[in-house]
$ cat protein03.pdb   # PDB, C-alpha atoms
ATOM      1  CA  GLY A   1       1.899 -26.652  17.733
ATOM      2  CA  SER A   2      -0.367 -24.119  19.453
ATOM      3  CA  ILE A   3      -0.003 -21.365  16.854
ATOM      4  CA  ASP A   4      -3.089 -20.929  14.637
ATOM      5  CA  ILE A   5      -1.992 -18.191  12.235
ATOM      6  CA  MET A   6       1.344 -16.895  11.036
ATOM      7  CA  LEU A   7       1.236 -13.529   9.268
ATOM      8  CA  GLY A   8       4.249 -11.767   7.842
ATOM      9  CA  GLU A   9       5.734  -9.533   5.211
ATOM     10  CA  PRO A  10       9.245 -10.521   4.135
ATOM     11  CA  PRO A  11      11.067  -7.346   2.949
ATOM     12  CA  CYS A  12      10.035  -6.262  -0.534
ATOM     13  CA  ARG A  13      12.671  -3.668  -1.459
ATOM     14  CA  GLY A  14      14.233  -5.992  -4.007
ATOM     15  CA  LEU A  15      10.859  -6.430  -5.709
ATOM     16  CA  SER A  16       9.301  -2.990  -5.549
ATOM     17  CA  LEU A  17       9.540  -0.320  -8.237
ATOM     18  CA  ALA A  18      10.962   1.802  -5.416
ATOM     19  CA  GLY A  19      13.993  -0.477  -5.568
ATOM     20  CA  LYS A  20      16.195  -1.806  -8.389
ATOM     21  CA  ARG A  21      14.207  -5.043  -8.951
ATOM     22  CA  ASP A  22      17.480  -6.959  -8.918
ATOM     23  CA  ALA A  23      16.929 -10.705  -9.322
ATOM     24  CA  ASN A  24      20.067 -11.319  -7.239
ATOM     25  CA  ASP A  25      18.942  -9.186  -4.280
ATOM     26  CA  ASP A  26      19.209 -11.461  -1.212
ATOM     27  CA  ARG A  27      16.018  -9.934   0.220
ATOM     28  CA  ASN A  28      14.007 -11.561  -2.581
ATOM     29  CA  THR A  29      14.501 -15.004  -1.021
ATOM     30  CA  LEU A  30      13.740 -14.114   2.590
ATOM     31  CA  PHE A  31      10.272 -15.636   2.155
ATOM     32  CA  GLY A  32      12.038 -18.999   2.450
ATOM     33  CA  ASP A  33      13.486 -18.118   5.858
ATOM     34  CA  TYR A  34      10.070 -16.847   6.935
ATOM     35  CA  LEU A  35       8.283 -20.037   5.833
ATOM     36  CA  GLU A  36      11.006 -22.140   7.508
ATOM     37  CA  ILE A  37       9.527 -21.052  10.849
ATOM     38  CA  SER A  38       6.427 -23.120  10.044
ATOM     39  CA  LYS A  39       8.482 -26.306  10.540
ATOM     40  CA  TYR A  40       8.618 -25.519  14.238
ATOM     41  CA  VAL A  41       5.220 -23.938  14.942
ATOM     42  CA  GLN A  42       3.087 -25.654  12.264
ATOM     43  CA  PRO A  43       0.286 -23.076  12.195
ATOM     44  CA  LYS A  44      -3.020 -23.823  10.507
ATOM     45  CA  VAL A  45      -2.626 -20.874   8.152
ATOM     46  CA  ILE A  46       0.418 -18.957   6.903
ATOM     47  CA  LEU A  47      -0.049 -15.587   5.199
ATOM     48  CA  ILE A  48       2.481 -13.552   3.237
ATOM     49  CA  GLU A  49       1.754  -9.983   2.119
ATOM     50  CA  ASN A  50       3.949  -8.213  -0.424
ATOM     51  CA  VAL A  51       4.009  -5.761  -3.321
ATOM     52  CA  ARG A  52       1.986  -6.754  -6.399
ATOM     53  CA  LEU A  53       5.117  -6.663  -8.573
ATOM     54  CA  LEU A  54       6.337  -9.836  -6.866
ATOM     55  CA  THR A  55       4.057 -11.677  -9.305
ATOM     56  CA  SER A  56       6.245 -10.618 -12.246
ATOM     57  CA  MET A  57       9.669 -10.897 -10.583
ATOM     58  CA  LYS A  58      12.048 -13.727 -11.481
ATOM     59  CA  ASP A  59      14.841 -15.270  -9.427
ATOM     60  CA  PRO A  60      18.462 -15.734 -10.666
ATOM     61  CA  ASP A  61      17.431 -19.074 -12.250
ATOM     62  CA  GLY A  62      14.757 -17.371 -14.365
ATOM     63  CA  LYS A  63      11.838 -18.788 -12.387
ATOM     64  CA  PHE A  64       9.013 -16.596 -11.121
ATOM     65  CA  VAL A  65       9.363 -15.804  -7.422
ATOM     66  CA  LYS A  66       5.625 -16.416  -6.929
ATOM     67  CA  ASP A  67       6.074 -19.996  -8.160
ATOM     68  CA  ARG A  68       8.993 -20.497  -5.770
ATOM     69  CA  VAL A  69       6.783 -19.328  -2.905
ATOM     70  CA  ILE A  70       4.000 -21.778  -3.867
ATOM     71  CA  GLU A  71       6.527 -24.632  -4.188
ATOM     72  CA  THR A  72       7.959 -23.860  -0.750
ATOM     73  CA  TYR A  73       4.497 -23.882   0.792
ATOM     74  CA  ASP A  74       3.843 -27.285  -0.801
ATOM     75  CA  LYS A  75       7.088 -28.808   0.480
ATOM     76  CA  LEU A  76       6.216 -27.662   3.992
ATOM     77  CA  GLY A  77       2.787 -29.319   3.860
ATOM     78  CA  TYR A  78       0.546 -26.409   2.913
ATOM     79  CA  GLU A  79      -1.891 -25.949   0.057
ATOM     80  CA  SER A  80      -1.537 -22.377  -1.118
ATOM     81  CA  GLN A  81      -2.753 -19.755  -3.548
ATOM     82  CA  PHE A  82      -1.924 -16.125  -4.200
ATOM     83  CA  TYR A  83      -4.336 -13.243  -4.763
ATOM     84  CA  VAL A  84      -3.828  -9.678  -5.986
ATOM     85  CA  VAL A  85      -5.945  -7.370  -3.837
ATOM     86  CA  ASN A  86      -6.575  -3.627  -3.832
ATOM     87  CA  ALA A  87      -7.106  -1.925  -0.481
ATOM     88  CA  LYS A  88      -9.756   0.393  -1.939
ATOM     89  CA  ASP A  89     -12.020  -2.619  -2.525
ATOM     90  CA  TYR A  90     -12.144  -3.262   1.240
ATOM     91  CA  GLY A  91     -12.933   0.240   2.516
ATOM     92  CA  VAL A  92      -9.489   1.860   2.546
ATOM     93  CA  PRO A  93      -9.482   5.309   0.852
ATOM     94  CA  GLN A  94      -6.410   4.434  -1.182
ATOM     95  CA  HIS A  95      -5.488   2.610  -4.381
ATOM     96  CA  ARG A  96      -2.983   0.117  -2.982
ATOM     97  CA  GLU A  97      -2.390  -3.165  -4.788
ATOM     98  CA  ARG A  98      -0.747  -6.011  -2.939
ATOM     99  CA  VAL A  99      -0.279  -9.746  -3.399
ATOM    100  CA  ILE A 100      -1.516 -12.034  -0.622
ATOM    101  CA  PHE A 101      -0.329 -15.645  -0.323
ATOM    102  CA  ILE A 102      -2.561 -17.897   1.785
ATOM    103  CA  GLY A 103      -1.263 -21.321   2.816
ATOM    104  CA  VAL A 104      -3.557 -23.793   4.615
ATOM    105  CA  ARG A 105      -2.145 -26.874   6.342
ATOM    106  CA  LYS A 106      -3.052 -29.877   4.177
ATOM    107  CA  ASP A 107      -4.460 -32.001   7.005
ATOM    108  CA  LEU A 108      -7.258 -29.439   7.453
ATOM    109  CA  LYS A 109      -8.504 -30.308   3.944
ATOM    110  CA  LEU A 110      -9.656 -26.722   3.315
ATOM    111  CA  LYS A 111      -8.979 -24.562   0.275
ATOM    112  CA  PRO A 112      -7.151 -21.213   0.510
ATOM    113  CA  SER A 113      -9.419 -18.187   0.023
ATOM    114  CA  ILE A 114      -9.720 -14.460   0.722
ATOM    115  CA  PRO A 115     -12.769 -12.340   1.643
ATOM    116  CA  ASP A 116     -15.083 -10.993  -1.045
ATOM    117  CA  THR A 117     -14.583  -7.350  -1.948
ATOM    118  CA  LEU A 118     -16.930  -4.833  -0.317
ATOM    119  CA  PHE A 119     -16.573  -1.795  -2.598
ATOM    120  CA  SER A 120     -16.563  -1.412  -6.374
ATOM    121  CA  ASP A 121     -15.738   1.246  -8.973
ATOM    122  CA  GLU A 122     -18.653   0.035 -11.069
ATOM    123  CA  ASP A 123     -21.912   1.986 -11.184
ATOM    124  CA  ALA A 124     -24.630   0.722  -8.846
ATOM    125  CA  SER A 125     -27.128  -1.634 -10.488
ATOM    126  CA  LEU A 126     -29.553  -4.435  -9.717
ATOM    127  CA  PHE A 127     -26.595  -6.811  -9.945
ATOM    128  CA  ASN A 128     -24.142  -4.821  -7.835
ATOM    129  CA  ASP A 129     -24.993  -3.738  -4.305
ATOM    130  CA  LYS A 130     -21.455  -2.643  -3.472
ATOM    131  CA  LYS A 131     -20.702   0.973  -2.590
ATOM    132  CA  ALA A 132     -18.224   3.187  -4.420
ATOM    133  CA  PRO A 133     -14.734   3.206  -2.836
ATOM    134  CA  PHE A 134     -13.868   5.948  -0.364
ATOM    135  CA  THR A 135     -11.916   8.879  -1.806
ATOM    136  CA  PHE A 136      -9.060  11.161  -0.840
ATOM    137  CA  GLY A 137     -11.653  13.798   0.068
ATOM    138  CA  ASP A 138     -13.637  11.350   2.215
ATOM    139  CA  ALA A 139     -10.495  10.692   4.238
ATOM    140  CA  VAL A 140      -9.225  14.234   4.850
ATOM    141  CA  SER A 141     -11.980  16.782   4.127
ATOM    142  CA  ASP A 142     -12.488  17.620   7.821
ATOM    143  CA  LEU A 143      -8.805  18.490   8.379
ATOM    144  CA  PRO A 144      -7.707  22.164   8.511
ATOM    145  CA  TYR A 145      -6.526  23.481   5.155
ATOM    146  CA  LEU A 146      -2.747  23.959   5.039
ATOM    147  CA  GLU A 147      -0.334  25.382   2.509
ATOM    148  CA  SER A 148       3.444  24.898   2.334
ATOM    149  CA  GLY A 149       5.110  25.448   5.715
ATOM    150  CA  GLU A 150       1.866  25.757   7.693
ATOM    151  CA  ASN A 151       0.748  23.574  10.591
ATOM    152  CA  ASP A 152      -2.312  22.678  12.629
ATOM    153  CA  VAL A 153      -1.623  23.718  16.242
ATOM    154  CA  ASN A 154      -4.113  21.117  17.478
ATOM    155  CA  ASP A 155      -2.630  18.116  15.681
ATOM    156  CA  PRO A 156       1.104  17.243  15.916
ATOM    157  CA  TYR A 157       0.818  15.053  12.804
ATOM    158  CA  HIS A 158      -0.871  17.638  10.563
ATOM    159  CA  TRP A 159       1.879  19.972   9.407
ATOM    160  CA  ALA A 160       3.103  20.766   5.919
ATOM    161  CA  VAL A 161       6.701  20.606   4.727
ATOM    162  CA  LYS A 162       8.000  23.992   3.545
ATOM    163  CA  HIS A 163       8.914  23.699  -0.134
ATOM    164  CA  PRO A 164      11.234  25.902  -2.263
ATOM    165  CA  LYS A 165       9.542  28.786  -4.049
ATOM    166  CA  HIS A 166      10.553  27.604  -7.525
ATOM    167  CA  VAL A 167       8.932  24.209  -6.907
ATOM    168  CA  LEU A 168       5.719  25.910  -5.747
ATOM    169  CA  ASN A 169       5.770  27.944  -8.963
ATOM    170  CA  TRP A 170       5.972  24.742 -11.012
ATOM    171  CA  LEU A 171       2.917  23.312  -9.259
ATOM    172  CA  ILE A 172       0.700  26.260  -8.347
ATOM    173  CA  ASP A 173      -1.491  25.999 -11.479
ATOM    174  CA  VAL A 174      -1.257  22.242 -12.027
ATOM    175  CA  PRO A 175      -4.762  20.676 -11.971
ATOM    176  CA  GLN A 176      -5.720  17.558 -10.039
ATOM    177  CA  GLY A 177      -4.341  14.339 -11.481
ATOM    178  CA  LYS A 178      -1.679  16.184 -13.467
ATOM    179  CA  SER A 179       2.069  16.667 -13.032
ATOM    180  CA  ALA A 180       4.291  19.732 -13.260
ATOM    181  CA  HIS A 181       5.929  17.844 -16.138
ATOM    182  CA  ASP A 182       2.681  18.418 -18.070
ATOM    183  CA  ASN A 183       2.996  22.217 -17.956
ATOM    184  CA  ASP A 184       2.825  23.915 -21.366
ATOM    185  CA  ASP A 185       5.573  26.343 -20.399
ATOM    186  CA  PRO A 186       8.898  24.445 -20.456
ATOM    187  CA  ASN A 187      10.244  26.887 -17.840
ATOM    188  CA  LEU A 188       7.648  25.540 -15.391
ATOM    189  CA  ARG A 189       8.637  21.899 -15.837
ATOM    190  CA  PRO A 190      11.028  20.125 -13.439
ATOM    191  CA  PRO A 191      14.401  19.395 -15.078
ATOM    192  CA  SER A 192      14.242  15.698 -14.209
ATOM    193  CA  GLY A 193      11.814  12.951 -13.284
ATOM    194  CA  TYR A 194       8.733  11.394 -14.878
ATOM    195  CA  ASN A 195       5.123  12.512 -15.261
ATOM    196  CA  THR A 196       4.237  10.467 -12.188
ATOM    197  CA  THR A 197       6.409  12.797 -10.084
ATOM    198  CA  TYR A 198       5.462  16.317  -8.937
ATOM    199  CA  LYS A 199       1.912  15.087  -9.437
ATOM    200  CA  ARG A 200      -1.320  16.009  -7.663
ATOM    201  CA  GLN A 201      -3.720  13.539  -6.108
ATOM    202  CA  VAL A 202      -7.422  13.673  -7.084
ATOM    203  CA  TRP A 203      -9.972  14.747  -4.477
ATOM    204  CA  ASP A 204     -12.861  12.569  -5.670
ATOM    205  CA  GLU A 205     -10.866   9.380  -6.252
ATOM    206  CA  PRO A 206      -9.164   6.940  -3.869
ATOM    207  CA  GLY A 207      -5.756   8.259  -2.865
ATOM    208  CA  GLY A 208      -2.665   7.079  -4.688
ATOM    209  CA  THR A 209      -0.456   4.493  -2.990
ATOM    210  CA  VAL A 210       1.109   5.940   0.158
ATOM    211  CA  ALA A 211       4.851   5.305   0.015
ATOM    212  CA  THR A 212       7.515   6.028   2.625
ATOM    213  CA  THR A 213       8.447   9.195   0.673
ATOM    214  CA  PHE A 214       4.996  10.836   0.850
ATOM    215  CA  GLY A 215       6.534  13.950   2.444
ATOM    216  CA  MET A 216       8.578  14.664  -0.700
ATOM    217  CA  ILE A 217       6.749  16.931  -3.158
ATOM    218  CA  SER A 218       8.917  15.477  -5.939
ATOM    219  CA  GLY A 219       7.684  11.942  -5.284
ATOM    220  CA  CYS A 220       5.011   9.910  -7.064
ATOM    221  CA  ARG A 221       1.555  11.484  -6.600
ATOM    222  CA  ASN A 222       2.571  13.117  -3.329
ATOM    223  CA  VAL A 223       1.052  16.544  -4.017
ATOM    224  CA  HIS A 224      -2.218  17.490  -2.307
ATOM    225  CA  PRO A 225      -5.128  17.801  -4.784
ATOM    226  CA  ILE A 226      -5.804  21.468  -3.925
ATOM    227  CA  ALA A 227      -3.043  22.832  -1.681
ATOM    228  CA  THR A 228       0.423  23.199  -3.228
ATOM    229  CA  ARG A 229       2.441  20.951  -0.927
ATOM    230  CA  SER A 230       3.179  17.323  -0.160
ATOM    231  CA  MET A 231       0.918  15.290   2.089
ATOM    232  CA  THR A 232       1.043  15.617   5.852
ATOM    233  CA  ILE A 233       1.583  12.690   8.215
ATOM    234  CA  ARG A 234      -2.053  12.927   9.324
ATOM    235  CA  GLU A 235      -3.295  12.743   5.739
ATOM    236  CA  ALA A 236      -1.123   9.688   5.054
ATOM    237  CA  LEU A 237      -2.414   8.040   8.233
ATOM    238  CA  ARG A 238      -5.982   8.683   7.123
ATOM    239  CA  LEU A 239      -5.329   7.296   3.623
ATOM    240  CA  GLN A 240      -3.849   4.181   5.232
ATOM    241  CA  SER A 241      -6.988   3.914   7.443
ATOM    242  CA  PHE A 242      -5.204   4.381  10.781
ATOM    243  CA  PRO A 243      -7.507   5.820  13.464
ATOM    244  CA  ASP A 244      -6.664   9.304  14.720
ATOM    245  CA  SER A 245      -6.070   7.803  18.176
ATOM    246  CA  PHE A 246      -3.063   5.857  16.866
ATOM    247  CA  GLN A 247       0.218   7.110  18.337
ATOM    248  CA  LEU A 248       3.663   6.950  16.716
ATOM    249  CA  THR A 249       7.125   7.639  18.096
ATOM    250  CA  GLY A 250      10.462   8.579  16.583
ATOM    251  CA  SER A 251      11.554  11.147  14.016
ATOM    252  CA  SER A 252       9.248  12.312  11.229
ATOM    253  CA  GLY A 253      11.332  10.222   8.814
ATOM    254  CA  THR A 254      10.879   7.098  10.918
ATOM    255  CA  ILE A 255       7.149   7.737  11.218
ATOM    256  CA  ARG A 256       6.786   8.162   7.450
ATOM    257  CA  THR A 257       8.638   4.881   6.897
ATOM    258  CA  VAL A 258       6.327   3.043   9.305
ATOM    259  CA  ILE A 259       3.218   4.466   7.614
ATOM    260  CA  GLY A 260       4.396   3.813   4.050
ATOM    261  CA  ASN A 261       5.392   0.215   4.803
ATOM    262  CA  ALA A 262       2.270  -0.642   6.799
ATOM    263  CA  VAL A 263      -0.587  -2.889   5.804
ATOM    264  CA  PRO A 264      -3.721  -0.688   5.999
ATOM    265  CA  PRO A 265      -5.449  -1.711   9.251
ATOM    266  CA  ILE A 266      -8.888  -2.015   7.606
ATOM    267  CA  LEU A 267      -7.510  -4.331   4.909
ATOM    268  CA  GLY A 268      -5.707  -6.369   7.559
ATOM    269  CA  TYR A 269      -8.904  -6.574   9.600
ATOM    270  CA  HIS A 270     -11.036  -7.999   6.786
ATOM    271  CA  ILE A 271      -8.429 -10.559   5.718
ATOM    272  CA  SER A 272      -7.742 -11.643   9.312
ATOM    273  CA  LYS A 273     -11.450 -11.901  10.108
ATOM    274  CA  HIS A 274     -11.965 -14.081   7.050
ATOM    275  CA  ILE A 275      -9.114 -16.390   8.063
ATOM    276  CA  VAL A 276     -10.441 -16.771  11.608
ATOM    277  CA  ASN A 277     -14.007 -17.433  10.438
ATOM    278  CA  THR A 278     -12.942 -19.889   7.731
ATOM    279  CA  TYR A 279     -10.121 -21.914   9.289
ATOM    280  CA  MET A 280     -10.313 -21.635  13.077
TER     281      MET A 280
END
$ encode --input "protein03.pdb" --output "structure tokens"
Amino acid sequence: GSIDIMLGEPPCRGLSLAGKRDANDDRNTLFGDYLEISKYVQPKVILIENVRLLTSMKDPDGKFVKDRVIETYDKLGYESQFYVVNAKDYGVPQHRERVIFIGVRKDLKLKPSIPDTLFSDEDASLFNDKKAPFTFGDAVSDLPYLESGENDVNDPYHWAVKHPKHVLNWLIDVPQGKSAHDNDDPNLRPPSGYNTTYKRQVWDEPGGTVATTFGMISGCRNVHPIATRSMTIREALRLQSFPDSFQLTGSSGTIRTVIGNAVPPILGYHISKHIVNTYM
């Protein structure tokens, strides 16, 4: 009874495009086990964060998972609502859409809500005092320039994966925002994949969604806008809004998984601050 806020992220692999989006995946119903905890701690507010695609996923009975989540909240004594948010609208230099469920204990008689956005893609006007979102370049422009296989001796997280020569040839002349699959010469196109793979980021736009596979040049928008290589760990940390002082342990694969699965700290800060100021 002394817990004010419960925040969690039941696994999303069964819902994400990175997975098979299988309605029968047991991980799709773990939100129920997570919410079950509220019976024992009865927090004022319960938050669930997950991939945006949860809003379109159905369970084996053909019902939307999002509706099941809302129903479960209600049965446990919480008024709830879900919101689709984009991290770039809160100061994170990355286009990262997520769904946020907010449940407020009914005896508090307060409505669920999330903080107003702080940044906007719209042009500045008398009716819009929000700033433009931060970009890929804003996040990483002060880092040493690296090409494939190079590293920054002063930063253990800023080193570039060494890629095969034929892959570099596919990408060397690809412009920002384009994929090697768009090359006019069929000999310079990858033999498999989609036009979202082997694709460059754009310097003057928010970064693409950082996934756990950001070190793979063949992944979705994992190629640096200017250098011909995948993103470094430091660049991914910056795009996720982690401070440079943040320390990680484990193998490079483990570190990439932690970064790709993380809620951007700045997004988490604004949502948490709003909850504390509104419900505590």
$ resolve_selection --input "protein03.pdb" --expression "the PyMOL selection byres ((chain A and resi 217) around 10)" --output "VMD selection string"
chain A and resid 161 to 163 167 to 168 171 197 to 200 213 to 216 218 to 224 228 to 231
$ residues_around --input "protein03.pdb" --residues "stretch 249-255 of chain A" --least-positions-apart "3" --cutoff "10 Å" --atoms "only C-alpha atoms" --output "number ranges by chain"
A: 157, 212-213, 215, 233, 258-260
$ resolve_selection --input "protein03.pdb" --expression "the PyMOL selection byres ((chain A and resi 130-133) around 10)" --output "list of chain:residue names"
A:Ala87, A:Lys88, A:Asp89, A:Tyr90, A:Gly91, A:Val92, A:Pro93, A:Gln94, A:His95, A:Thr117, A:Leu118, A:Phe119, A:Ser120, A:Asp121, A:Glu122, A:Asp123, A:Ala124, A:Ser125, A:Phe127, A:Asn128, A:Asp129, A:Phe134, A:Thr135, A:Phe136, A:Asp138, A:Asp204, A:Glu205, A:Pro206
$ resolve_selection --input "protein03.pdb" --expression "the PyMOL selection byres ((chain A and resi 54) around 7)" --output "count of residues only"
9
$ atom_distance --input "protein03.pdb" --atom1 "atom CA of A:Arg68" --atom2 "atom CA of A:Ile48"
13.1 Å
$ residues_around --input "protein03.pdb" --residues "A:Lys39" --least-positions-apart "5" --cutoff "12 Å" --atoms "all atoms listed in the file" --output "number ranges by chain"
A: 1, 3, 6, 32-34, 44, 46, 72-73, 75-78, 105
$ atom_distance --input "protein03.pdb" --atom1 "atom CA of A:Phe101" --atom2 "atom CA of A:Glu235"
29.2 Å
$ atom_distance --input "protein03.pdb" --atom1 "atom CA of A:Gln247" --atom2 "atom CA of A:Trp203"
26.1 Å
$ closest_residue --input "protein03.pdb" --among "A:Ala227, A:Asn169, A:Gly193, A:Gly62" --to "A:Ser148" --atoms "all atoms listed in the file"
A:Ala227
$ closest_residue --input "protein03.pdb" --among "A:Leu108, A:Ala236, A:Leu143, A:Ile271" --to "A:Val85" --atoms "all atoms listed in the file"
A:Ile271
$ closest_residue --input "protein03.pdb" --among "A:Val45, A:Ala262, A:Val202, A:Val276" --to "A:Lys111" --atoms "all atoms listed in the file"
A:Val45
$ closest_residue --input "protein03.pdb" --among "A:Thr232, A:His181, A:Ser113, A:Ser2" --to "A:Gly149" --atoms "all atoms listed in the file"
A:Thr232
$ decode --input "protein03.pdb" --residues "stretch 226-253 of chain A" --atoms "N, CA and C atoms" --output "compact mmCIF listing (two decimals), in the first residue's frame"
# COMPACT_ATOMS: atom_id res chain seq x y z
N ILE A 226 26.68 10.10 -43.45
CA ILE A 226 27.81 10.54 -44.27
C ILE A 226 28.87 9.46 -44.39
N ALA A 227 29.30 8.89 -43.25
CA ALA A 227 30.27 7.80 -43.28
C ALA A 227 29.60 6.53 -43.80
N THR A 228 30.39 5.64 -44.40
CA THR A 228 29.82 4.39 -44.92
C THR A 228 30.08 3.28 -43.92
N ARG A 229 29.19 3.20 -42.94
CA ARG A 229 29.29 2.22 -41.86
C ARG A 229 28.00 2.26 -41.05
N SER A 230 27.84 1.27 -40.18
CA SER A 230 26.71 1.28 -39.25
C SER A 230 27.03 2.22 -38.09
N MET A 231 26.03 2.47 -37.27
CA MET A 231 26.20 3.39 -36.15
C MET A 231 27.06 2.79 -35.04
N THR A 232 27.77 3.65 -34.34
CA THR A 232 28.56 3.21 -33.20
C THR A 232 27.68 3.16 -31.96
N ILE A 233 28.18 2.52 -30.92
CA ILE A 233 27.45 2.47 -29.64
C ILE A 233 27.26 3.88 -29.09
N ARG A 234 28.28 4.72 -29.19
CA ARG A 234 28.15 6.09 -28.69
C ARG A 234 27.07 6.86 -29.43
N GLU A 235 27.00 6.70 -30.75
CA GLU A 235 25.98 7.40 -31.52
C GLU A 235 24.58 6.93 -31.12
N ALA A 236 24.42 5.62 -30.92
CA ALA A 236 23.12 5.09 -30.50
C ALA A 236 22.75 5.61 -29.10
N LEU A 237 23.73 5.68 -28.21
CA LEU A 237 23.47 6.23 -26.88
C LEU A 237 23.01 7.68 -26.97
N ARG A 238 23.66 8.45 -27.83
CA ARG A 238 23.29 9.85 -28.00
C ARG A 238 21.86 9.96 -28.56
N LEU A 239 21.55 9.15 -29.58
CA LEU A 239 20.21 9.20 -30.18
C LEU A 239 19.13 8.79 -29.18
N GLN A 240 19.50 7.95 -28.23
CA GLN A 240 18.56 7.54 -27.18
C GLN A 240 18.51 8.53 -26.02
N SER A 241 19.38 9.53 -26.05
CA SER A 241 19.47 10.61 -25.05
C SER A 241 20.15 10.20 -23.76
N PHE A 242 20.95 9.13 -23.78
CA PHE A 242 21.76 8.78 -22.61
C PHE A 242 22.91 9.77 -22.47
N PRO A 243 23.22 10.22 -21.27
CA PRO A 243 24.37 11.10 -21.07
C PRO A 243 25.67 10.33 -21.30
N ASP A 244 26.70 11.05 -21.72
CA ASP A 244 27.99 10.40 -21.99
C ASP A 244 28.59 9.77 -20.74
N SER A 245 28.16 10.21 -19.57
CA SER A 245 28.67 9.66 -18.31
C SER A 245 28.11 8.29 -18.00
N PHE A 246 27.08 7.87 -18.72
CA PHE A 246 26.42 6.59 -18.46
C PHE A 246 27.36 5.44 -18.80
N GLN A 247 27.48 4.49 -17.89
CA GLN A 247 28.38 3.35 -18.08
C GLN A 247 27.59 2.06 -18.29
N LEU A 248 28.08 1.21 -19.22
CA LEU A 248 27.45 -0.07 -19.49
C LEU A 248 28.47 -1.18 -19.33
N THR A 249 28.00 -2.37 -19.03
CA THR A 249 28.89 -3.52 -18.88
C THR A 249 28.40 -4.66 -19.76
N GLY A 250 29.28 -5.62 -19.99
CA GLY A 250 28.93 -6.77 -20.81
C GLY A 250 29.52 -6.68 -22.20
N SER A 251 29.18 -7.65 -23.04
CA SER A 251 29.68 -7.68 -24.41
C SER A 251 29.03 -6.57 -25.23
N SER A 252 29.61 -6.29 -26.40
CA SER A 252 29.04 -5.26 -27.27
C SER A 252 27.62 -5.64 -27.69
N GLY A 253 27.37 -6.95 -27.87
CA GLY A 253 26.02 -7.40 -28.22
C GLY A 253 25.03 -7.13 -27.11
